[in-house]
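Chemist: entry_25.csv (CSV, C-alpha atoms) pasted underneath:
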```
chain,number,residue,atom,x,y,z
A,29,MET,CA,-34.6,11.9,-9.4
A,30,HIS,CA,-31.0,13.2,-9.1
A,31,SER,CA,-30.3,15.9,-6.5
A,32,ASP,CA,-28.5,19.1,-7.5
A,33,ALA,CA,-26.7,19.3,-4.1
A,34,ALA,CA,-22.9,19.2,-4.6
A,35,LEU,CA,-22.2,16.8,-1.7
A,36,PRO,CA,-24.0,13.7,-0.6
A,37,PRO,CA,-25.8,13.7,2.8
A,38,LEU,CA,-23.3,12.5,5.4
A,39,ASP,CA,-25.9,10.7,7.4
A,40,GLY,CA,-26.9,8.8,4.3
A,41,LEU,CA,-23.3,7.6,3.8
A,42,THR,CA,-23.0,6.3,7.3
A,43,ALA,CA,-26.4,4.5,6.9
A,44,LEU,CA,-25.2,3.1,3.6
A,45,LEU,CA,-22.1,1.5,5.1
A,46,ALA,CA,-24.0,0.3,8.2
A,47,ALA,CA,-26.7,-1.4,6.1
A,48,ALA,CA,-24.1,-2.9,3.7
A,49,ASP,CA,-22.3,-4.4,6.7
A,50,ALA,CA,-25.4,-5.6,8.5
A,51,GLY,CA,-27.3,-6.8,5.4
A,52,SER,CA,-30.5,-5.2,6.7
A,53,PHE,CA,-31.9,-1.8,7.7
A,54,SER,CA,-32.9,-3.1,11.1
A,55,GLY,CA,-29.3,-4.2,11.7
A,56,ALA,CA,-28.0,-0.9,10.5
A,57,ALA,CA,-30.5,0.9,12.9
A,58,GLU,CA,-29.2,-1.1,15.8
A,59,ALA,CA,-25.6,-0.4,14.9
A,60,LEU,CA,-26.2,3.3,14.6
A,61,GLY,CA,-28.5,3.6,17.6
A,62,ILE,CA,-31.4,5.0,15.5
A,63,THR,CA,-34.8,3.7,14.3
A,64,HIS,CA,-35.4,1.5,11.2
A,65,GLY,CA,-37.4,4.4,9.7
A,66,SER,CA,-34.5,6.8,10.1
A,67,VAL,CA,-32.2,4.4,8.2
A,68,SER,CA,-34.8,4.0,5.4
A,69,ARG,CA,-35.1,7.8,5.1
A,70,ARG,CA,-31.4,8.4,5.1
A,71,ILE,CA,-30.9,5.7,2.4
A,72,ALA,CA,-33.7,7.1,0.3
A,73,GLY,CA,-32.2,10.6,0.6
A,74,LEU,CA,-28.9,9.3,-0.6
A,75,GLU,CA,-30.4,7.4,-3.5
A,76,ALA,CA,-32.3,10.6,-4.5
A,77,TRP,CA,-29.0,12.5,-4.4
A,78,LEU,CA,-27.2,9.9,-6.5
A,79,GLY,CA,-30.1,9.3,-8.8
A,80,THR,CA,-30.0,5.5,-8.7
A,81,ALA,CA,-31.0,2.6,-6.3
A,82,LEU,CA,-28.3,1.4,-3.9
A,83,PHE,CA,-30.1,-1.5,-2.4
A,84,GLU,CA,-32.4,-4.3,-3.5
A,85,ARG,CA,-35.1,-4.8,-0.8
A,86,HIS,CA,-36.3,-8.3,-0.1
A,87,GLY,CA,-37.9,-10.2,2.7
A,88,ARG,CA,-34.7,-11.3,4.4
A,89,GLY,CA,-33.1,-7.9,4.3
A,90,VAL,CA,-31.2,-5.9,1.7
A,91,THR,CA,-28.4,-6.4,-0.8
A,92,LEU,CA,-26.4,-3.8,-2.6
A,93,THR,CA,-27.1,-3.2,-6.3
A,94,PRO,CA,-24.0,-3.2,-8.6
A,95,ALA,CA,-24.0,0.6,-8.4
A,96,GLY,CA,-24.4,0.3,-4.6
A,97,ARG,CA,-21.4,-1.9,-4.4
A,98,ARG,CA,-19.2,0.5,-6.3
A,99,PHE,CA,-20.5,3.5,-4.4
A,100,ALA,CA,-20.1,1.8,-1.0
A,101,ALA,CA,-16.5,0.8,-1.8
A,102,GLU,CA,-15.7,4.4,-2.9
A,103,THR,CA,-17.4,5.8,0.2
A,104,ARG,CA,-15.5,3.5,2.5
A,105,THR,CA,-12.2,4.5,0.9
A,106,SER,CA,-13.0,8.2,1.0
A,107,LEU,CA,-14.2,8.3,4.6
A,108,GLY,CA,-11.1,6.2,5.6
A,109,ALA,CA,-8.8,8.7,4.0
A,110,LEU,CA,-10.7,11.6,5.7
A,111,SER,CA,-10.3,9.9,9.0
A,112,ARG,CA,-6.6,9.3,8.6
A,113,SER,CA,-6.0,12.9,7.5
A,114,ALA,CA,-7.9,14.2,10.6
A,115,GLN,CA,-5.7,12.2,12.9
A,116,GLN,CA,-2.8,14.6,12.0
A,117,TRP,CA,-4.7,17.6,13.4
A,118,ARG,CA,-6.8,16.1,16.3
A,119,PRO,CA,-5.1,16.5,19.7
A,120,TRP,CA,-3.6,13.2,21.0
A,121,ARG,CA,-5.4,11.8,24.0
A,122,GLY,CA,-4.8,8.7,26.1
A,123,ARG,CA,-3.4,5.4,25.0
A,124,GLN,CA,-2.8,5.0,21.3
A,125,THR,CA,-1.5,2.2,19.0
A,126,LEU,CA,1.2,2.9,16.4
A,127,ARG,CA,2.7,0.5,13.9
A,128,LEU,CA,6.5,0.3,14.0
A,129,SER,CA,8.3,-1.4,11.2
A,130,ALA,CA,11.8,-3.0,11.2
A,131,VAL,CA,13.6,-5.9,9.6
A,132,PRO,CA,13.2,-9.1,11.7
A,133,SER,CA,16.9,-9.3,12.8
A,134,PHE,CA,17.1,-5.8,14.1
A,135,ALA,CA,13.8,-6.1,15.8
A,136,ARG,CA,15.0,-9.2,17.7
A,137,LEU,CA,18.5,-8.0,18.5
A,138,TRP,CA,17.9,-4.3,19.3
A,139,LEU,CA,14.3,-3.2,19.3
A,140,ILE,CA,12.4,-5.8,21.3
A,141,PRO,CA,14.6,-5.5,24.4
A,142,ARG,CA,13.8,-1.7,24.3
A,143,LEU,CA,10.1,-1.9,23.4
A,144,ALA,CA,8.8,-1.3,26.9
A,145,GLU,CA,10.9,1.8,27.3
A,146,ILE,CA,9.4,3.1,24.0
A,147,GLU,CA,5.8,2.3,25.0
A,148,ARG,CA,6.0,3.6,28.7
A,149,GLY,CA,2.4,2.5,29.3
A,150,ASP,CA,0.7,5.3,27.3
A,151,ILE,CA,1.4,4.0,23.7
A,152,HIS,CA,1.0,0.5,22.4
A,153,ILE,CA,3.5,-0.5,19.6
A,154,ASP,CA,2.2,-3.0,17.0
A,155,LEU,CA,5.6,-4.3,15.8
A,156,LEU,CA,5.8,-5.2,12.1
A,157,THR,CA,8.7,-7.3,11.0
A,158,ASP,CA,9.2,-7.7,7.3
A,159,HIS,CA,12.1,-7.7,4.9
A,160,ARG,CA,9.9,-5.6,2.5
A,161,PRO,CA,9.9,-1.9,3.6
A,162,ASN,CA,6.5,-0.8,4.6
A,163,ASP,CA,5.1,2.3,2.8
A,164,LEU,CA,4.8,5.0,5.4
A,165,GLY,CA,3.2,7.4,2.9
A,166,ALA,CA,0.3,4.9,2.4
A,167,ARG,CA,0.2,4.3,6.2
A,168,GLU,CA,1.2,0.7,6.1
A,169,ALA,CA,3.3,1.7,9.2
A,170,ASP,CA,3.5,4.8,11.2
A,171,VAL,CA,7.2,4.7,12.1
A,172,ALA,CA,10.0,2.6,10.6
A,173,ILE,CA,13.6,1.7,11.3
A,174,ARG,CA,15.3,1.2,8.0
A,175,TYR,CA,18.8,-0.1,7.1
A,176,GLY,CA,20.7,1.6,4.3
A,177,ARG,CA,22.1,5.0,3.2
A,178,GLY,CA,19.2,7.2,4.4
A,179,ASN,CA,18.1,8.6,1.0
A,180,TRP,CA,14.4,7.5,0.8
A,181,GLN,CA,12.1,9.8,-1.0
A,182,GLY,CA,9.1,11.2,0.9
A,183,LEU,CA,10.6,10.3,4.3
A,184,THR,CA,12.3,12.1,7.1
A,185,ALA,CA,15.2,9.9,8.0
A,186,ARG,CA,17.2,10.5,11.2
A,187,LEU,CA,20.5,8.6,11.8
A,188,LEU,CA,19.7,6.2,14.7
A,189,LEU,CA,22.7,3.8,14.8
A,190,SER,CA,26.0,3.5,13.1
A,191,GLU,CA,28.0,0.2,13.3
A,192,ARG,CA,31.6,-1.1,13.3
A,193,LEU,CA,32.4,-4.4,11.7
A,194,VAL,CA,34.8,-6.7,13.5
A,195,PRO,CA,35.6,-10.4,12.9
A,196,ALA,CA,34.3,-12.7,15.6
A,197,ALA,CA,33.9,-16.4,16.2
A,198,SER,CA,32.9,-19.0,18.8
A,199,PRO,CA,35.5,-19.3,21.6
A,200,ALA,CA,36.5,-22.7,20.3
A,201,LEU,CA,37.1,-21.5,16.7
A,202,ALA,CA,38.9,-18.4,17.9
A,203,ALA,CA,41.3,-20.7,19.9
A,204,LYS,CA,42.1,-22.6,16.8
A,205,LEU,CA,43.1,-19.4,15.0
A,206,GLY,CA,45.3,-18.4,17.9
A,207,PRO,CA,46.4,-14.9,18.8
A,208,ALA,CA,48.9,-14.4,15.9
A,209,TRP,CA,46.5,-14.9,13.0
A,210,ARG,CA,46.6,-12.8,9.9
A,211,ALA,CA,43.7,-11.8,7.6
A,212,SER,CA,44.6,-14.4,5.1
A,213,ASP,CA,44.2,-17.1,7.8
A,214,LEU,CA,40.4,-16.4,7.9
A,215,LEU,CA,40.1,-17.6,4.3
A,216,HIS,CA,41.0,-21.1,5.5
A,217,HIS,CA,37.7,-21.2,7.4
A,218,PRO,CA,34.0,-20.8,6.4
A,219,LEU,CA,32.9,-17.2,6.4
A,220,LEU,CA,29.3,-16.3,7.3
A,221,HIS,CA,27.4,-13.5,5.4
A,222,ASP,CA,23.9,-12.4,4.5
A,223,SER,CA,22.7,-11.8,1.0
A,224,ASP,CA,25.3,-9.1,0.5
A,225,THR,CA,29.0,-10.0,0.6
A,226,ALA,CA,30.1,-6.4,0.3
A,227,GLN,CA,31.1,-6.1,4.0
A,228,TRP,CA,33.5,-9.1,3.8
A,229,ARG,CA,34.9,-7.8,0.5
A,230,SER,CA,35.5,-4.4,2.1
A,231,TRP,CA,37.1,-5.9,5.2
A,232,PHE,CA,39.5,-8.0,3.2
A,233,GLY,CA,40.1,-5.1,0.9
A,234,THR,CA,41.6,-3.1,3.8
A,235,ALA,CA,44.1,-5.9,4.2
A,236,GLY,CA,45.0,-5.9,0.5
A,237,LEU,CA,43.1,-9.2,-0.2
A,238,SER,CA,40.2,-10.0,-2.5
A,239,TYR,CA,37.2,-12.1,-1.4
A,240,HIS,CA,34.7,-14.0,-3.5
A,241,PRO,CA,32.1,-16.3,-1.8
A,242,ARG,CA,33.2,-20.0,-1.8
A,243,TRP,CA,31.3,-23.2,-1.5
A,244,GLN,CA,32.2,-23.6,2.2
A,245,ASP,CA,30.9,-20.2,3.1
A,246,ARG,CA,27.3,-19.9,4.5
A,247,ARG,CA,24.6,-17.4,3.6
A,248,PHE,CA,21.8,-16.4,5.9
A,249,GLU,CA,18.8,-14.2,5.2
A,250,ASP,CA,18.6,-12.9,8.8
A,251,TYR,CA,21.6,-11.5,10.7
A,252,ASP,CA,20.6,-12.9,14.1
A,253,THR,CA,20.5,-16.4,12.5
A,254,LEU,CA,24.0,-15.7,11.2
A,255,LEU,CA,25.1,-15.0,14.8
A,256,ILE,CA,23.6,-18.3,16.0
A,257,ALA,CA,25.5,-20.1,13.3
A,258,ALA,CA,28.7,-18.4,14.3
A,259,ALA,CA,28.2,-19.3,18.0
A,260,ALA,CA,27.7,-22.9,16.9
A,261,GLY,CA,31.2,-22.8,15.4
A,262,LEU,CA,30.0,-22.9,11.8
A,263,GLY,CA,32.2,-20.1,10.6
A,264,ILE,CA,33.5,-16.6,11.2
A,265,ALA,CA,31.2,-13.6,11.3
A,266,LEU,CA,31.6,-9.9,10.9
A,267,LEU,CA,30.1,-8.7,14.2
A,268,ARG,CA,28.1,-5.5,13.8
A,269,LEU,CA,28.6,-3.5,16.9
A,270,PRO,CA,26.7,-2.3,18.9
A,271,THR,CA,23.8,-4.1,17.3
A,272,ALA,CA,25.2,-7.6,18.2
A,273,GLN,CA,26.8,-6.6,21.5
A,274,ALA,CA,24.6,-9.2,23.3
A,275,SER,CA,26.5,-12.0,21.6
A,276,LEU,CA,29.7,-10.7,23.2
A,277,ASP,CA,28.2,-10.1,26.6
A,278,SER,CA,26.8,-13.6,26.7
A,279,GLY,CA,30.2,-15.2,25.7
A,280,ALA,CA,28.6,-16.9,22.7
A,281,LEU,CA,31.1,-15.0,20.5
A,282,VAL,CA,34.5,-13.4,21.0
A,283,LEU,CA,36.3,-10.8,19.0
A,284,LEU,CA,39.4,-12.1,17.2
A,285,PRO,CA,42.4,-10.4,18.7
A,286,ASP,CA,43.7,-7.4,16.8
A,287,GLY,CA,40.9,-7.7,14.3
A,288,GLN,CA,40.7,-4.7,12.0
A,289,ALA,CA,37.5,-2.8,12.6
A,290,LEU,CA,35.7,-1.3,9.6
A,291,ASP,CA,32.9,1.3,9.6
A,292,ASN,CA,29.7,-0.1,8.2
A,293,PRO,CA,28.7,2.0,5.2
A,294,ALA,CA,25.0,1.3,5.9
A,295,HIS,CA,23.3,2.7,9.0
A,296,HIS,CA,20.0,2.3,10.8
A,297,TYR,CA,17.7,5.2,10.4
A,298,LEU,CA,14.5,6.3,12.2
A,299,CYS,CA,12.0,7.1,9.5
A,300,THR,CA,8.6,8.9,9.4
A,301,ALA,CA,6.6,10.3,6.5
A,302,GLU,CA,7.4,13.9,5.7
A,303,THR,CA,3.7,14.8,5.8
A,304,ASP,CA,2.9,13.1,9.1
A,305,GLN,CA,2.4,15.6,11.9
A,306,ARG,CA,0.7,13.4,14.5
A,307,ALA,CA,1.8,14.1,18.0
A,308,ALA,CA,2.0,10.4,18.9
A,309,VAL,CA,4.3,9.7,16.0
A,310,ALA,CA,6.6,12.5,17.1
A,311,ILE,CA,6.7,11.2,20.7
A,312,VAL,CA,7.5,7.6,19.6
A,313,ALA,CA,10.2,8.9,17.3
A,314,GLU,CA,11.8,11.0,20.1
A,315,ARG,CA,11.7,8.1,22.5
A,316,ILE,CA,13.5,5.8,20.0
A,317,MET,CA,16.1,8.4,19.2
A,318,ALA,CA,16.8,8.9,22.9
A,319,LEU,CA,17.8,5.2,23.1
A,320,HIS,CA,20.9,5.3,21.0
```
Let me see the file written as structure tokens.
Modeler:
Amino acid sequence: MHSDAALPPLDGLTALLAAADAGSFSGAAEALGITHGSVSRRIAGLEAWLGTALFERHGRGVTLTPAGRRFAAETRTSLGALSRSAQQWRPWRGRQTLRLSAVPSFARLWLIPRLAEIERGDIHIDLLTDHRPNDLGAREADVAIRYGRGNWQGLTARLLLSERLVPAASPALAAKLGPAWRASDLLHHPLLHDSDTAQWRSWFGTAGLSYHPRWQDRRFEDYDTLLIAAAAGLGIALLRLPTAQASLDSGALVLLPDGQALDNPAHHYLCTAETDQRAAVAIVAERIMALH
């Protein structure tokens, strides 16, 4: 018989999920720290409230009915959403794990060398590296560093890092160009770029030249791979400073003398969901912002 109570019994919901996971009431009882009889009564009360059977009982244990499978899935989703919402209001205590999203090249060049300073022993960062932006609203990540213009709907985006674009090459290739090179001289060598050639087009545009990708130019998906190719003498790169400063410090690349520097129209932004008020998220965001 169906119950007239507006909400299901909470202890019945926890018993439902425990029994579904364990495949038996005895396993659920062990997981919840209660007796087999208590699990049976809680399930029975939930079935009475719902007005349908949730489990098929058999000698080896229990299995969910079709209605039970649907209701258990909805219960798991609803309780998960409730738990995530509660995290915004519960006080932050002790060590916590947060997911930080960034594109792979920025993670390797800038973020990983600074990760220990962000964590400081009281927060663990689960670093997510993906070319696809993680959905902060859906909690695929808690904090993200995104590259672009900063106009993402539903996010609070704070400018983290601006860059200057300057031509650079391996020491050997720079020596071939010599100190008196002109912008047109670069077109006699392979140019390295990622999937977007807009930066090279803008750089040549400031010198009154047009640029279109040629067969000898090389395209790389990740910017740090592009830097490795430039250090190997495979072509000339636009160095994004300060992100790629380590390539200069190590001597792998050198700036071309008197190279025109261009402001990168895209920037790195520290992003959080507008609705996320968790203390740990705010602390990590402030630590990252303090690094630039």
Chemist: Counting all atoms listed in the file, select every polymer residue within 6 Å of (-1.3, 7.3, 20.5) as defined in the file's coordinates, and provide the selection as a list in words.
Modeler: Arg123, Gln124, Thr125, Ile151 and Ala308 of chain A
Chemist: I need the residue nearest A:Trp231 from this list: A:His64, A:His152, A:Arg192, A:Arg306. Use only C-alpha atoms for the distance.
Modeler: A:Arg192
Chemist: Can you pull out every residue within 10 Å of A:Ser66, counting all atoms listed in the file, but drop anything in the same chain fewer than 6 positions away, and send it as a list in words?
Modeler: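 Once the adjacent positions are removed, what remains is Asp39, Gly40, Ala43, Phe53, Ala57 and Ala72 of chain A.
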Chemist: Of the candidates A:Ala265, A:Val194, A:Leu110, A:Leu44, which one gets nearest to A:Ala81 if we count all atoms listed in the file?
Modeler: A:Leu44
Chemist: Around the point (5.7, -2.6, 7.2) in the file's coordinates, collect all residues with an atom within 12 Å, using all atoms listed in the file, and return them as a list in words.
Modeler: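 Answer for this query, in the requested form: Leu126, Arg127, Leu128, Ser129, Ala130, Val131, Pro132, Asp154, Leu155, Leu156, Thr157, Asp158, His159, Arg160, Pro161, Asn162, Asp163, Leu164, Gly165, Ala166, Arg167, Glu168, Ala169, Asp170, Val171, Ala172, Ile173, Arg174 and Cys299 of chain A.
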Chemist: For atom CA of A:Ser111 and atom CA of A:Arg186, quote the distance in Å rounded to one decimal.
Modeler: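 Here the two named atoms are 27.6 Å from each other.
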Chemist: With a distance cut-off of 12 Å and all atoms listed in the file, select the neighbouring residues of stretch 176-179 of chain A, excluding the residue or stretch itself and same-chain residues fewer than 5 positions from it, and output the selection as a VMD selection string.
Modeler: chain A and resid 131 161 184 to 191 292 to 300
Chemist: Set the distance at 12 Å and use only C-alpha atoms: which residues neighbour A:Ser278 once local chain neighbours fewer than 5 positions away are removed? I'd like the list as a list in words.
Modeler: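 Neighbouring residues, sequence-local ones excluded: Ser198, Pro199, Ala259, Ala272 and Gln273 of chain A.
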Chemist: With a distance cut-off of 7 Å and only C-alpha atoms, select the neighbouring residues of stretch 49-52 of chain A, excluding the residue or stretch itself and same-chain residues fewer than 5 positions from it, and output the selection as a PyMOL selection string.
Modeler: chain A and resi 89-91
Chemist: One number please: atom CA of A:Gly206 to atom CA of A:Asp286, in Å, one decimal.
Modeler: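 A separation of 11.2 Å between them.
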Chemist: Between atom CA of A:Thr63 and atom CA of A:Glu84, what is the distance, to one decimal in Å?
Modeler: 19.7 Å
Chemist: Compile the contact shell of stretch 234-249 of chain A as a list in words: residues with an atom at most 7 Å away, counting only C-alpha atoms, same-chain residues fewer than 5 positions apart removed.
Modeler: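 My list of contacting residues is Ala211, Pro218, Leu219, Leu220, His221, Asp222, Ser223, Arg229 and Leu254 of chain A.
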Chemist: Store the residues picked out above in a file with C-alpha atoms, as a PDB file, keeping the file's coordinate frame.
Modeler:
```pdb
ATOM      1  CA  ALA A 211      43.700 -11.800   7.600  1.00  0.00           C
ATOM      2  CA  PRO A 218      34.000 -20.800   6.400  1.00  0.00           C
ATOM      3  CA  LEU A 219      32.900 -17.200   6.400  1.00  0.00           C
ATOM      4  CA  LEU A 220      29.300 -16.300   7.300  1.00  0.00           C
ATOM      5  CA  HIS A 221      27.400 -13.500   5.400  1.00  0.00           C
ATOM      6  CA  ASP A 222      23.900 -12.400   4.500  1.00  0.00           C
ATOM      7  CA  SER A 223      22.700 -11.800   1.000  1.00  0.00           C
ATOM      8  CA  ARG A 229      34.900  -7.800   0.500  1.00  0.00           C
ATOM      9  CA  LEU A 254      24.000 -15.700  11.200  1.00  0.00           C
TER      10      LEU A 254
END
```
Chemist: Between A:Ala34, A:Arg136, A:Leu60, A:Ala48, which residue has the minimum interatomic distance to A:Thr93, considering all atoms listed in the file?
Modeler: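 Looking only at the distances to A:Thr93, the closest residue turns out to be A:Ala48.
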